[in-house]
>>> print(open('structure06.pdb').read())   # PDB, C-alpha atoms
ATOM      1  CA  ALA I 535       3.367 -76.072 -64.567
ATOM      2  CA  LYS I 536       0.928 -73.131 -64.500
ATOM      3  CA  ALA I 537      -0.688 -74.215 -67.777
ATOM      4  CA  PHE I 538      -1.059 -77.762 -66.416
ATOM      5  CA  LEU I 539      -2.654 -76.408 -63.230
ATOM      6  CA  ASP I 540      -5.133 -74.223 -65.131
ATOM      7  CA  SER I 541      -6.137 -77.035 -67.494
ATOM      8  CA  LYS I 542      -6.645 -79.710 -64.809
ATOM      9  CA  ARG I 543      -8.768 -77.769 -62.340
ATOM     10  CA  GLY I 544     -12.337 -78.978 -62.033
ATOM     11  CA  ASN I 545     -15.443 -76.852 -61.728
ATOM     12  CA  ASP I 546     -14.875 -76.662 -57.983
ATOM     13  CA  GLY I 547     -11.272 -75.453 -58.508
ATOM     14  CA  MET I 548      -9.768 -78.695 -57.116
ATOM     15  CA  LEU I 549      -7.333 -81.213 -58.627
ATOM     16  CA  THR I 550      -7.599 -84.961 -58.662
ATOM     17  CA  ALA I 551      -5.089 -86.860 -56.552
ATOM     18  CA  GLU I 552      -3.195 -87.967 -59.658
ATOM     19  CA  ASP I 553      -3.018 -84.446 -61.119
ATOM     20  CA  ALA I 554      -1.987 -83.020 -57.740
ATOM     21  CA  ALA I 555       0.894 -85.502 -57.551
ATOM     22  CA  THR I 556       1.998 -84.571 -61.081
ATOM     23  CA  TYR I 557       1.953 -80.857 -60.253
ATOM     24  CA  ASP I 558       3.851 -81.423 -56.972
ATOM     25  CA  LYS I 559       6.560 -83.192 -58.995
ATOM     26  CA  MET I 560       6.781 -80.185 -61.365
ATOM     27  CA  GLU I 561       7.032 -77.796 -58.413
ATOM     28  CA  ALA I 562       9.767 -79.911 -56.786
ATOM     29  CA  ASP I 563      11.735 -79.829 -60.053
ATOM     30  CA  VAL I 564      11.545 -76.019 -60.111
ATOM     31  CA  VAL I 565      12.823 -75.787 -56.517
ATOM     32  CA  ALA I 566      15.635 -78.241 -57.254
ATOM     33  CA  LEU I 567      16.702 -76.246 -60.328
ATOM     34  CA  GLY I 568      16.707 -73.048 -58.260
ATOM     35  CA  LYS I 569      19.026 -74.619 -55.686
ATOM     36  CA  GLU I 570      21.333 -75.812 -58.452
ATOM     37  CA  VAL I 571      21.500 -72.263 -59.827
ATOM     38  CA  GLU I 572      22.476 -70.970 -56.366
ATOM     39  CA  ARG I 573      25.201 -73.612 -56.061
ATOM     40  CA  LEU I 574      26.620 -72.672 -59.462
ATOM     41  CA  GLU I 575      26.593 -68.970 -58.564
ATOM     42  CA  ARG I 576      28.470 -69.608 -55.297
ATOM     43  CA  GLN I 577      30.962 -71.787 -57.160
ATOM     44  CA  ALA I 578      31.539 -69.006 -59.714
ATOM     45  CA  VAL I 579      32.257 -66.530 -56.900
ATOM     46  CA  LEU I 580      34.736 -68.911 -55.271
ATOM     47  CA  ASP I 581      36.434 -69.601 -58.608
ATOM     48  CA  GLY I 582      36.831 -65.857 -59.152
ATOM     49  CA  GLU I 583      38.388 -65.392 -55.698
ATOM     50  CA  LEU I 584      40.805 -68.311 -56.195
ATOM     51  CA  ALA I 585      41.807 -67.034 -59.643
ATOM     52  CA  LYS I 586      43.032 -63.698 -58.276
ATOM     53  CA  PRO I 587      46.820 -63.180 -58.202
ATOM     54  CA  THR I 588      48.440 -63.662 -54.786
ATOM     55  CA  SER I 589      50.888 -60.782 -55.212
ATOM     56  CA  ALA I 590      51.195 -57.574 -57.203
ATOM     57  CA  PRO I 591      54.009 -57.169 -59.761
ATOM     58  CA  LEU I 592      56.876 -54.798 -58.901
ATOM     59  CA  THR I 593      56.448 -51.598 -60.851
ATOM     60  CA  GLY I 594      57.917 -48.130 -60.618
ATOM     61  CA  LYS I 595      55.753 -45.729 -58.646
ATOM     62  CA  PRO I 596      55.860 -41.917 -58.551
ATOM     63  CA  SER I 597      56.996 -40.158 -55.421
ATOM     64  CA  ALA I 598      54.482 -39.819 -52.631
ATOM     65  CA  PRO I 599      52.296 -36.702 -52.867
ATOM     66  CA  THR I 600      52.855 -33.888 -50.424
ATOM     67  CA  ASP I 601      49.161 -33.811 -49.509
ATOM     68  CA  LYS I 602      48.601 -35.954 -46.427
ATOM     69  CA  GLY I 603      44.996 -36.678 -47.422
ATOM     70  CA  LYS I 604      42.458 -37.873 -44.896
ATOM     71  CA  THR I 605      43.374 -38.033 -41.223
ATOM     72  CA  GLY I 606      41.898 -39.451 -38.036
ATOM     73  CA  ARG I 607      38.799 -41.601 -38.371
ATOM     74  CA  ALA I 608      38.437 -40.692 -42.057
ATOM     75  CA  THR I 609      41.538 -42.644 -43.121
ATOM     76  CA  ASP I 610      41.228 -45.783 -45.202
ATOM     77  CA  GLU I 611      43.389 -47.602 -42.632
ATOM     78  CA  TYR I 612      40.951 -46.835 -39.837
ATOM     79  CA  LYS I 613      37.954 -47.843 -41.959
ATOM     80  CA  SER I 614      39.606 -51.139 -42.930
ATOM     81  CA  ALA I 615      40.657 -51.863 -39.347
ATOM     82  CA  PHE I 616      37.199 -51.077 -37.987
ATOM     83  CA  TRP I 617      35.445 -53.565 -40.262
ATOM     84  CA  GLN I 618      38.176 -56.166 -39.665
ATOM     85  CA  VAL I 619      37.471 -55.944 -35.934
ATOM     86  CA  MET I 620      33.709 -56.065 -36.610
ATOM     87  CA  ARG I 621      34.315 -59.289 -38.558
ATOM     88  CA  ASN I 622      36.358 -60.639 -35.621
ATOM     89  CA  LYS I 623      39.535 -60.983 -37.675
ATOM     90  CA  SER I 624      43.027 -60.707 -36.256
ATOM     91  CA  VAL I 625      44.793 -57.488 -37.230
ATOM     92  CA  SER I 626      48.382 -56.343 -36.951
ATOM     93  CA  HIS I 627      49.584 -53.898 -34.300
ATOM     94  CA  GLU I 628      50.045 -51.210 -36.971
ATOM     95  CA  VAL I 629      46.315 -51.325 -37.699
ATOM     96  CA  TYR I 630      45.541 -51.183 -33.988
ATOM     97  CA  ASN I 631      47.493 -47.936 -33.893
ATOM     98  CA  ALA I 632      45.322 -46.645 -36.735
ATOM     99  CA  LEU I 633      42.252 -47.489 -34.678
ATOM    100  CA  LYS I 634      43.412 -45.100 -31.965
ATOM    101  CA  ILE I 635      43.640 -42.138 -34.339
ATOM    102  CA  GLY I 636      40.948 -39.511 -33.661
ATOM    103  CA  GLU I 637      39.690 -37.962 -30.459
ATOM    104  CA  ASP I 638      36.635 -39.026 -28.543
ATOM    105  CA  ASP I 639      36.534 -38.184 -24.858
ATOM    106  CA  HIS I 640      33.195 -39.792 -24.135
ATOM    107  CA  GLY I 641      32.678 -42.905 -26.201
ATOM    108  CA  GLY I 642      35.988 -44.588 -26.974
ATOM    109  CA  PHE I 643      36.277 -46.121 -30.416
ATOM    110  CA  LEU I 644      33.789 -44.852 -33.000
ATOM    111  CA  ALA I 645      32.703 -46.056 -36.411
ATOM    112  CA  PRO I 646      34.550 -44.615 -39.421
ATOM    113  CA  ASP I 647      33.427 -41.207 -40.692
ATOM    114  CA  GLU I 648      32.009 -42.649 -43.910
ATOM    115  CA  PHE I 649      29.749 -45.009 -41.962
ATOM    116  CA  GLN I 650      28.525 -42.228 -39.660
ATOM    117  CA  ARG I 651      27.645 -39.955 -42.569
ATOM    118  CA  THR I 652      25.697 -42.712 -44.280
ATOM    119  CA  LEU I 653      23.690 -43.334 -41.134
ATOM    120  CA  ILE I 654      22.868 -39.665 -40.556
ATOM    121  CA  GLU I 655      21.819 -39.118 -44.180
ATOM    122  CA  ALA I 656      19.555 -42.143 -43.995
ATOM    123  CA  LEU I 657      17.958 -40.765 -40.816
ATOM    124  CA  GLN I 658      17.096 -37.583 -42.682
ATOM    125  CA  GLU I 659      15.217 -39.650 -45.266
ATOM    126  CA  GLN I 660      13.507 -41.864 -42.716
ATOM    127  CA  ASN I 661      12.290 -39.274 -40.220
ATOM    128  CA  ILE I 662      10.091 -36.383 -41.439
ATOM    129  CA  PHE I 663      10.258 -34.697 -38.039
ATOM    130  CA  ARG I 664      13.998 -33.979 -38.305
ATOM    131  CA  GLY I 665      13.461 -31.970 -41.476
ATOM    132  CA  LEU I 666      10.940 -29.707 -39.720
ATOM    133  CA  ALA I 667      12.442 -29.315 -36.230
ATOM    134  CA  LYS I 668      15.629 -27.481 -35.222
ATOM    135  CA  VAL I 669      18.426 -30.056 -34.863
ATOM    136  CA  ILE I 670      21.576 -29.199 -32.911
ATOM    137  CA  THR I 671      24.639 -31.263 -32.003
ATOM    138  CA  THR I 672      26.062 -31.303 -28.486
ATOM    139  CA  SER I 673      29.179 -32.994 -27.119
ATOM    140  CA  SER I 674      27.784 -33.539 -23.605
ATOM    141  CA  GLY I 675      24.715 -35.215 -22.212
ATOM    142  CA  ASP I 676      22.750 -32.060 -21.356
ATOM    143  CA  ARG I 677      22.195 -28.806 -23.227
ATOM    144  CA  LYS I 678      20.938 -25.639 -21.509
ATOM    145  CA  ILE I 679      19.019 -23.158 -23.646
ATOM    146  CA  PRO I 680      18.304 -19.587 -22.465
ATOM    147  CA  VAL I 681      14.749 -18.449 -23.196
ATOM    148  CA  VAL I 682      12.769 -15.243 -22.738
ATOM    149  CA  ALA I 683      10.053 -16.056 -20.202
ATOM    150  CA  SER I 684       8.237 -12.700 -20.500
ATOM    151  CA  LYS I 685       8.786  -9.387 -22.266
ATOM    152  CA  GLY I 686       8.432  -5.812 -21.042
ATOM    153  CA  SER I 687       6.357  -3.074 -22.626
ATOM    154  CA  ALA I 688       6.579   0.620 -23.475
ATOM    155  CA  SER I 689       4.295   3.367 -22.068
ATOM    156  CA  TRP I 690       3.230   6.865 -23.068
ATOM    157  CA  ILE I 691       4.631   9.451 -20.614
ATOM    158  CA  ASP I 692       4.402  13.205 -20.101
ATOM    159  CA  GLU I 693       7.206  15.610 -20.956
ATOM    160  CA  GLU I 694      10.141  15.246 -18.532
ATOM    161  CA  ALA I 695       8.347  12.446 -16.672
ATOM    162  CA  ALA I 696      10.230   9.464 -15.331
ATOM    163  CA  TYR I 697      10.753   6.546 -17.681
ATOM    164  CA  PRO I 698       8.794   3.471 -16.582
ATOM    165  CA  GLU I 699      10.923   0.419 -15.836
ATOM    166  CA  SER I 700       9.836  -2.753 -17.592
ATOM    167  CA  ASP I 701      12.372  -5.580 -17.691
ATOM    168  CA  ASP I 702      12.396  -8.791 -19.673
ATOM    169  CA  ALA I 703      12.395 -12.015 -17.638
ATOM    170  CA  PHE I 704      14.787 -14.759 -18.718
ATOM    171  CA  GLY I 705      14.721 -18.444 -17.924
ATOM    172  CA  MET I 706      16.696 -21.584 -18.682
ATOM    173  CA  THR I 707      15.456 -24.750 -20.374
ATOM    174  CA  SER I 708      17.563 -27.906 -20.192
ATOM    175  CA  ILE I 709      17.487 -30.665 -22.801
ATOM    176  CA  GLY I 710      18.386 -33.990 -21.230
ATOM    177  CA  ALA I 711      20.008 -36.939 -22.991
ATOM    178  CA  PHE I 712      18.274 -40.239 -23.720
ATOM    179  CA  LYS I 713      19.775 -43.361 -25.243
ATOM    180  CA  LEU I 714      18.103 -45.141 -28.141
ATOM    181  CA  ALA I 715      19.609 -48.563 -28.838
ATOM    182  CA  THR I 716      19.255 -51.514 -31.182
ATOM    183  CA  MET I 717      21.391 -54.510 -32.096
ATOM    184  CA  ILE I 718      21.740 -56.689 -35.157
ATOM    185  CA  LYS I 719      23.091 -60.221 -34.856
ATOM    186  CA  VAL I 720      24.896 -61.172 -38.076
ATOM    187  CA  SER I 721      26.584 -64.509 -38.709
ATOM    188  CA  GLU I 722      30.337 -64.635 -39.351
ATOM    189  CA  GLU I 723      29.594 -66.225 -42.715
ATOM    190  CA  LEU I 724      27.642 -63.150 -43.780
ATOM    191  CA  LEU I 725      30.229 -60.731 -42.382
ATOM    192  CA  ASN I 726      32.991 -62.479 -44.322
ATOM    193  CA  ASP I 727      31.012 -62.524 -47.578
ATOM    194  CA  SER I 728      32.834 -60.114 -49.881
ATOM    195  CA  VAL I 729      29.858 -59.898 -52.255
ATOM    196  CA  PHE I 730      27.459 -58.456 -49.654
ATOM    197  CA  ASP I 731      27.871 -54.812 -48.596
ATOM    198  CA  VAL I 732      27.250 -55.331 -44.896
ATOM    199  CA  ALA I 733      28.123 -51.710 -43.982
ATOM    200  CA  SER I 734      25.437 -50.301 -46.260
ATOM    201  CA  TYR I 735      22.855 -52.780 -45.006
ATOM    202  CA  ILE I 736      23.552 -52.058 -41.335
ATOM    203  CA  ALA I 737      23.354 -48.301 -41.955
ATOM    204  CA  LYS I 738      19.965 -48.580 -43.670
ATOM    205  CA  GLU I 739      18.553 -51.010 -41.125
ATOM    206  CA  PHE I 740      19.712 -48.891 -38.166
ATOM    207  CA  ALA I 741      18.223 -45.831 -39.863
ATOM    208  CA  ARG I 742      14.875 -47.568 -40.260
ATOM    209  CA  ARG I 743      14.753 -48.708 -36.636
ATOM    210  CA  ILE I 744      16.100 -45.538 -35.043
ATOM    211  CA  GLY I 745      14.196 -43.196 -37.341
ATOM    212  CA  THR I 746      10.902 -44.958 -36.617
ATOM    213  CA  LYS I 747      11.397 -44.931 -32.852
ATOM    214  CA  GLU I 748      12.617 -41.325 -32.889
ATOM    215  CA  GLU I 749       9.601 -40.087 -34.810
ATOM    216  CA  GLU I 750       7.237 -41.841 -32.412
ATOM    217  CA  ALA I 751       8.946 -40.156 -29.416
ATOM    218  CA  PHE I 752       9.020 -36.742 -31.119
ATOM    219  CA  PHE I 753       5.239 -36.934 -31.506
ATOM    220  CA  VAL I 754       3.900 -38.759 -28.438
ATOM    221  CA  GLY I 755       6.901 -39.343 -26.110
ATOM    222  CA  ASP I 756       6.071 -38.776 -22.444
ATOM    223  CA  GLY I 757       9.573 -37.597 -21.415
ATOM    224  CA  SER I 758      10.172 -40.658 -19.213
ATOM    225  CA  GLY I 759      13.307 -42.305 -20.590
ATOM    226  CA  LYS I 760      12.576 -40.733 -23.957
ATOM    227  CA  PRO I 761      12.105 -37.205 -25.389
ATOM    228  CA  THR I 762       8.972 -35.199 -24.628
ATOM    229  CA  GLY I 763       6.769 -35.385 -27.713
ATOM    230  CA  LEU I 764       4.968 -32.586 -29.465
ATOM    231  CA  LEU I 765       1.596 -34.071 -28.516
ATOM    232  CA  ALA I 766       2.513 -35.246 -24.996
ATOM    233  CA  ASN I 767      -0.192 -34.736 -22.374
ATOM    234  CA  SER I 768       2.326 -33.085 -20.037
ATOM    235  CA  GLY I 769       4.753 -30.616 -21.577
ATOM    236  CA  GLY I 770       3.421 -31.003 -25.103
ATOM    237  CA  ALA I 771       1.517 -28.607 -27.338
ATOM    238  CA  GLU I 772      -1.367 -26.745 -25.771
ATOM    239  CA  LEU I 773      -4.936 -27.573 -26.749
ATOM    240  CA  GLY I 774      -6.062 -25.101 -29.412
ATOM    241  CA  VAL I 775      -9.510 -26.165 -30.647
ATOM    242  CA  THR I 776     -11.842 -28.948 -29.504
ATOM    243  CA  ALA I 777     -13.899 -30.538 -32.275
ATOM    244  CA  ALA I 778     -17.631 -30.949 -31.769
ATOM    245  CA  SER I 779     -17.480 -34.616 -32.803
ATOM    246  CA  ALA I 780     -15.041 -37.286 -31.650
ATOM    247  CA  THR I 781     -15.009 -39.036 -35.029
ATOM    248  CA  ALA I 782     -15.461 -36.196 -37.543
ATOM    249  CA  ILE I 783     -14.094 -32.753 -38.303
ATOM    250  CA  THR I 784     -15.294 -29.647 -40.117
ATOM    251  CA  MET I 785     -13.427 -27.097 -42.190
ATOM    252  CA  ASP I 786     -14.575 -24.389 -39.767
ATOM    253  CA  GLU I 787     -12.748 -26.204 -36.943
ATOM    254  CA  VAL I 788      -9.572 -26.397 -39.060
ATOM    255  CA  MET I 789      -9.814 -22.618 -39.605
ATOM    256  CA  ASP I 790     -10.338 -22.091 -35.864
ATOM    257  CA  LEU I 791      -7.158 -24.073 -35.224
ATOM    258  CA  PHE I 792      -5.284 -22.041 -37.847
ATOM    259  CA  TYR I 793      -6.162 -18.742 -36.165
ATOM    260  CA  ALA I 794      -5.671 -20.114 -32.638
ATOM    261  CA  LEU I 795      -1.933 -19.815 -33.352
ATOM    262  CA  ARG I 796      -0.365 -16.375 -33.039
ATOM    263  CA  ALA I 797       0.275 -14.626 -36.340
ATOM    264  CA  PRO I 798       4.125 -14.512 -36.099
ATOM    265  CA  TYR I 799       4.208 -18.322 -35.898
ATOM    266  CA  ARG I 800       1.713 -18.944 -38.718
ATOM    267  CA  LYS I 801       4.040 -17.818 -41.521
ATOM    268  CA  SER I 802       6.322 -20.864 -40.988
ATOM    269  CA  ALA I 803       3.794 -23.254 -39.451
ATOM    270  CA  VAL I 804       2.833 -26.669 -40.830
ATOM    271  CA  PHE I 805      -0.061 -29.071 -40.314
ATOM    272  CA  LEU I 806       0.693 -32.545 -38.918
ATOM    273  CA  MET I 807      -1.930 -35.287 -38.930
ATOM    274  CA  ASN I 808      -2.657 -38.952 -39.497
ATOM    275  CA  ASP I 809      -3.501 -40.269 -42.967
ATOM    276  CA  SER I 810      -7.005 -41.100 -41.763
ATOM    277  CA  THR I 811      -7.507 -37.461 -40.715
ATOM    278  CA  VAL I 812      -6.329 -36.256 -44.135
ATOM    279  CA  LYS I 813      -8.848 -38.597 -45.736
ATOM    280  CA  ALA I 814     -11.648 -37.183 -43.571
ATOM    281  CA  ILE I 815     -10.748 -33.587 -44.497
ATOM    282  CA  ARG I 816     -10.441 -34.370 -48.201
ATOM    283  CA  LYS I 817     -14.006 -35.762 -48.163
ATOM    284  CA  LEU I 818     -15.496 -32.438 -46.975
ATOM    285  CA  LYS I 819     -17.735 -30.807 -49.608
ATOM    286  CA  ASP I 820     -19.590 -27.533 -49.958
ATOM    287  CA  ASN I 821     -23.342 -27.196 -50.568
ATOM    288  CA  THR I 822     -22.874 -27.782 -54.301
ATOM    289  CA  GLY I 823     -20.912 -31.011 -53.849
ATOM    290  CA  ASN I 824     -17.461 -29.600 -54.622
ATOM    291  CA  TYR I 825     -14.541 -30.703 -52.472
ATOM    292  CA  LEU I 826     -13.299 -27.927 -50.166
ATOM    293  CA  TRP I 827      -9.651 -29.001 -50.163
ATOM    294  CA  GLN I 828      -7.786 -29.130 -53.444
ATOM    295  CA  PRO I 829      -4.502 -31.086 -52.997
ATOM    296  CA  SER I 830      -1.253 -29.982 -54.623
ATOM    297  CA  VAL I 831      -0.684 -31.126 -58.204
ATOM    298  CA  THR I 832       2.945 -29.959 -58.319
ATOM    299  CA  ALA I 833       5.578 -32.660 -58.078
ATOM    300  CA  ALA I 834       7.649 -32.781 -54.863
ATOM    301  CA  THR I 835       5.395 -30.128 -53.278
ATOM    302  CA  PRO I 836       3.389 -31.067 -50.154
ATOM    303  CA  ASP I 837      -0.361 -30.572 -50.018
ATOM    304  CA  THR I 838      -1.504 -27.386 -48.315
ATOM    305  CA  ILE I 839      -4.437 -26.311 -46.150
ATOM    306  CA  LEU I 840      -4.984 -22.549 -45.960
ATOM    307  CA  ASN I 841      -1.668 -22.209 -47.858
ATOM    308  CA  ARG I 842       0.341 -24.064 -45.186
ATOM    309  CA  PRO I 843       2.026 -27.452 -45.905
ATOM    310  CA  VAL I 844       0.480 -30.686 -44.645
ATOM    311  CA  TYR I 845       2.665 -33.582 -43.429
ATOM    312  CA  THR I 846       1.413 -36.980 -42.337
ATOM    313  CA  SER I 847       2.722 -39.477 -39.809
ATOM    314  CA  SER I 848       1.283 -42.718 -38.477
ATOM    315  CA  TYR I 849       2.245 -41.578 -34.970
ATOM    316  CA  VAL I 850      -0.196 -38.645 -34.932
ATOM    317  CA  PRO I 851      -3.418 -39.977 -33.309
ATOM    318  CA  ALA I 852      -6.476 -40.606 -35.479
ATOM    319  CA  LEU I 853      -9.861 -38.948 -34.944
ATOM    320  CA  THR I 854     -10.912 -40.393 -31.581
ATOM    321  CA  ALA I 855     -12.284 -38.974 -28.346
ATOM    322  CA  GLY I 856      -9.638 -37.127 -26.294
ATOM    323  CA  ALA I 857      -6.905 -37.432 -28.955
ATOM    324  CA  LYS I 858      -4.963 -34.541 -30.464
ATOM    325  CA  ALA I 859      -5.660 -35.357 -34.100
ATOM    326  CA  ILE I 860      -4.153 -32.273 -35.782
ATOM    327  CA  ALA I 861      -1.091 -30.270 -34.808
ATOM    328  CA  PHE I 862      -0.431 -26.836 -36.303
ATOM    329  CA  GLY I 863       2.624 -24.795 -35.457
ATOM    330  CA  ASP I 864       6.173 -23.741 -36.299
ATOM    331  CA  LEU I 865       8.288 -26.822 -35.556
ATOM    332  CA  GLY I 866      11.463 -24.724 -35.712
ATOM    333  CA  PHE I 867      10.775 -24.114 -32.000
ATOM    334  CA  TYR I 868      10.972 -27.868 -31.268
ATOM    335  CA  TRP I 869      14.654 -28.595 -30.611
ATOM    336  CA  VAL I 870      16.348 -31.960 -31.116
ATOM    337  CA  ALA I 871      19.821 -32.313 -29.622
ATOM    338  CA  ASP I 872      22.010 -35.122 -30.977
TER     339      ASP I 872
END
>>> encode(input="structure06.pdb", output="structure tokens")
Amino acid sequence: AKAFLDSKRGNDGMLTAEDAATYDKMEADVVALGKEVERLERQAVLDGELAKPTSAPLTGKPSAPTDKGKTGRATDEYKSAFWQVMRNKSVSHEVYNALKIGEDDHGGFLAPDEFQRTLIEALQEQNIFRGLAKVITTSSGDRKIPVVASKGSASWIDEEAAYPESDDAFGMTSIGAFKLATMIKVSEELLNDSVFDVASYIAKEFARRIGTKEEEAFFVGDGSGKPTGLLANSGGAELGVTAASATAITMDEVMDLFYALRAPYRKSAVFLMNDSTVKAIRKLKDNTGNYLWQPSVTAATPDTILNRPVYTSSYVPALTAGAKAIAFGDLGFYWVAD
């Protein structure tokens, strides 16, 4: 069909009406053959299911092991019952009892352990922010964190003079809970398809949706119904250095930002910026035409600026007037409570 198309095109790249009809017939034949292949594949799957034995032969089995194995929501019975309910199938009362194994005072029935672990691991891959911030797990909606608001100081004193009193001031920061939700509508036909691994698909799709929305909130969330982001106008990172231009940046300004952060934080700090900002920095040259920034050539190692790693995210603003285009700091002090 492709050879026919290439040979029949005129100088203007068009086909005659007769040649177009011939090619349309070829294309229809290809589509029809593809549908026939799909029908044969479905028939082969059904034949395989119908050919399976309806009962297992009676054979001698060894005595049951003393090890009880998995318990609670990690049991195979719970996992099987969970997905049976998700597929809207009727289950026996014994399996309903298995569903009630495990303790959860706040949310009722939960997904099996294996499904939860898959989802969390996928989040780690999807969201770069989680790998840089401090992530904690809490069983309640709010988490209170004690912080040192201000520190005292020492003083030089004369012999036998009174010691000066200088106390530390402590405060309390509370992390509130926000709900991030999504839903997938899946047909019963797909749920009942034994060939398709619906659990794996749902885990990956939830990870993509939740990870994307999380990362956006962790960067620019305003704290209203969502977390307060690193670059939020209220409660976010302080302004360190203002660039002279709204659409360009210099290496001197990047150095000013680097040293605007206190030295104890710089040893574990990272740069965060948009891809467009990275491109602008990589184009900077010295007077002899050499590029100032030499990216990393080591596999699995992030690029560095002033020996500190550089990470990119589409949710960090680009170089525009009034936008915080580059963040530099130790993200271990940004806490995420699950």
>>> residues_near_point(input="structure06.pdb", point="(21.9, -22.6, -20.1)", cutoff="8 Å", atoms="all atoms listed in the file", output="ChimeraX atom specification")
/I:677-680,706-708
>>> write_last_selection(input="structure06.pdb", atoms="C-alpha atoms", output="PDB file, keeping the file's coordinate frame")
ATOM      1  CA  ARG I 677      22.195 -28.806 -23.227  1.00  0.00           C
ATOM      2  CA  LYS I 678      20.938 -25.639 -21.509  1.00  0.00           C
ATOM      3  CA  ILE I 679      19.019 -23.158 -23.646  1.00  0.00           C
ATOM      4  CA  PRO I 680      18.304 -19.587 -22.465  1.00  0.00           C
ATOM      5  CA  MET I 706      16.696 -21.584 -18.682  1.00  0.00           C
ATOM      6  CA  THR I 707      15.456 -24.750 -20.374  1.00  0.00           C
ATOM      7  CA  SER I 708      17.563 -27.906 -20.192  1.00  0.00           C
TER       8      SER I 708
END
>>> resolve_selection(input="structure06.pdb", expression="the PyMOL selection byres ((chain I and resi 829) around 12)", output="list in words")
Val812, Lys813, Ile815, Arg816, Lys817, Tyr825, Leu826, Trp827, Gln828, Ser830, Val831, Thr832, Ala833, Thr835, Pro836, Asp837, Thr838, Ile839, Leu840, Asn841, Arg842, Pro843 and Val844 of chain I
>>> residues_around(input="structure06.pdb", residues="Lys747 (chain I)", least_positions_apart="5", cutoff="12 Å", atoms="only C-alpha atoms", output="count of residues only")
20
>>> residues_around(input="structure06.pdb", residues="region 800-811 of chain I", least_positions_apart="3", cutoff="12 Å", atoms="all atoms listed in the file", output="PyMOL selection string")
chain I and resi 662-663+665-667+753+764-765+780-784+788-789+791-797+814-818+836-854+857-868
>>> residues_around(input="structure06.pdb", residues="Glu552 (chain I)", least_positions_apart="6", cutoff="12 Å", atoms="all atoms listed in the file", output="PyMOL selection string")
chain I and resi 542-543+558-559
>>> write_last_selection(input="structure06.pdb", atoms="C-alpha atoms", output="PDB file, in the coordinates of the input")
ATOM      1  CA  LYS I 542      -6.645 -79.710 -64.809  1.00  0.00           C
ATOM      2  CA  ARG I 543      -8.768 -77.769 -62.340  1.00  0.00           C
ATOM      3  CA  ASP I 558       3.851 -81.423 -56.972  1.00  0.00           C
ATOM      4  CA  LYS I 559       6.560 -83.192 -58.995  1.00  0.00           C
TER       5      LYS I 559
END
>>> atom_distance(input="structure06.pdb", atom1="CA of Ala737 (chain I)", atom2="CA of Arg621 (chain I)")
15.9 Å
>>> atom_distance(input="structure06.pdb", atom1="CA of Ala688 (chain I)", atom2="CA of Asp702 (chain I)")
11.7 Å
>>> residues_around(input="structure06.pdb", residues="Asp872 (chain I)", least_positions_apart="5", cutoff="7 Å", atoms="all atoms listed in the file", output="mmCIF file with C-alpha atoms, in the coordinates of the input")
data_model
loop_
_atom_site.group_PDB
_atom_site.id
_atom_site.type_symbol
_atom_site.label_atom_id
_atom_site.label_comp_id
_atom_site.auth_asym_id
_atom_site.auth_seq_id
_atom_site.Cartn_x
_atom_site.Cartn_y
_atom_site.Cartn_z
ATOM 1 C CA ILE I 670 21.576 -29.199 -32.911
ATOM 2 C CA THR I 671 24.639 -31.263 -32.003
ATOM 3 C CA THR I 672 26.062 -31.303 -28.486
#
>>> residues_around(input="structure06.pdb", residues="Ala683 (chain I)", least_positions_apart="4", cutoff="6 Å", atoms="only C-alpha atoms", output="list in words")
Ala703, Phe704 and Gly705 of chain I
>>> write_last_selection(input="structure06.pdb", atoms="C-alpha atoms", output="compact mmCIF listing (two decimals), in the frame of the given file")
# COMPACT_ATOMS: atom_id res chain seq x y z
CA ALA I 703 12.40 -12.02 -17.64
CA PHE I 704 14.79 -14.76 -18.72
CA GLY I 705 14.72 -18.44 -17.92
>>> resolve_selection(input="structure06.pdb", expression="the PyMOL selection byres ((chain I and resi 669) around 6)", output="MDAnalysis selection string")
chainID I and resid 668 670 869:871
>>> atom_distance(input="structure06.pdb", atom1="CA of Met548 (chain I)", atom2="CA of Lys569 (chain I)")
29.1 Å
>>> closest_residue(input="structure06.pdb", among="I:Ala555, I:Ala751, I:Ala778, I:Met717", to="Ala766 (chain I)", atoms="only C-alpha atoms")
I:Ala751
>>> axis_aligned_box(input="structure06.pdb", around="region 745-749 of chain I", padding_each_side="4 Å", output="lines of an AutoDock Vina configuration file")
center_x = 11.9
center_y = -42.5
center_z = -35.1
size_x = 12.6
size_y = 12.9
size_z = 12.5
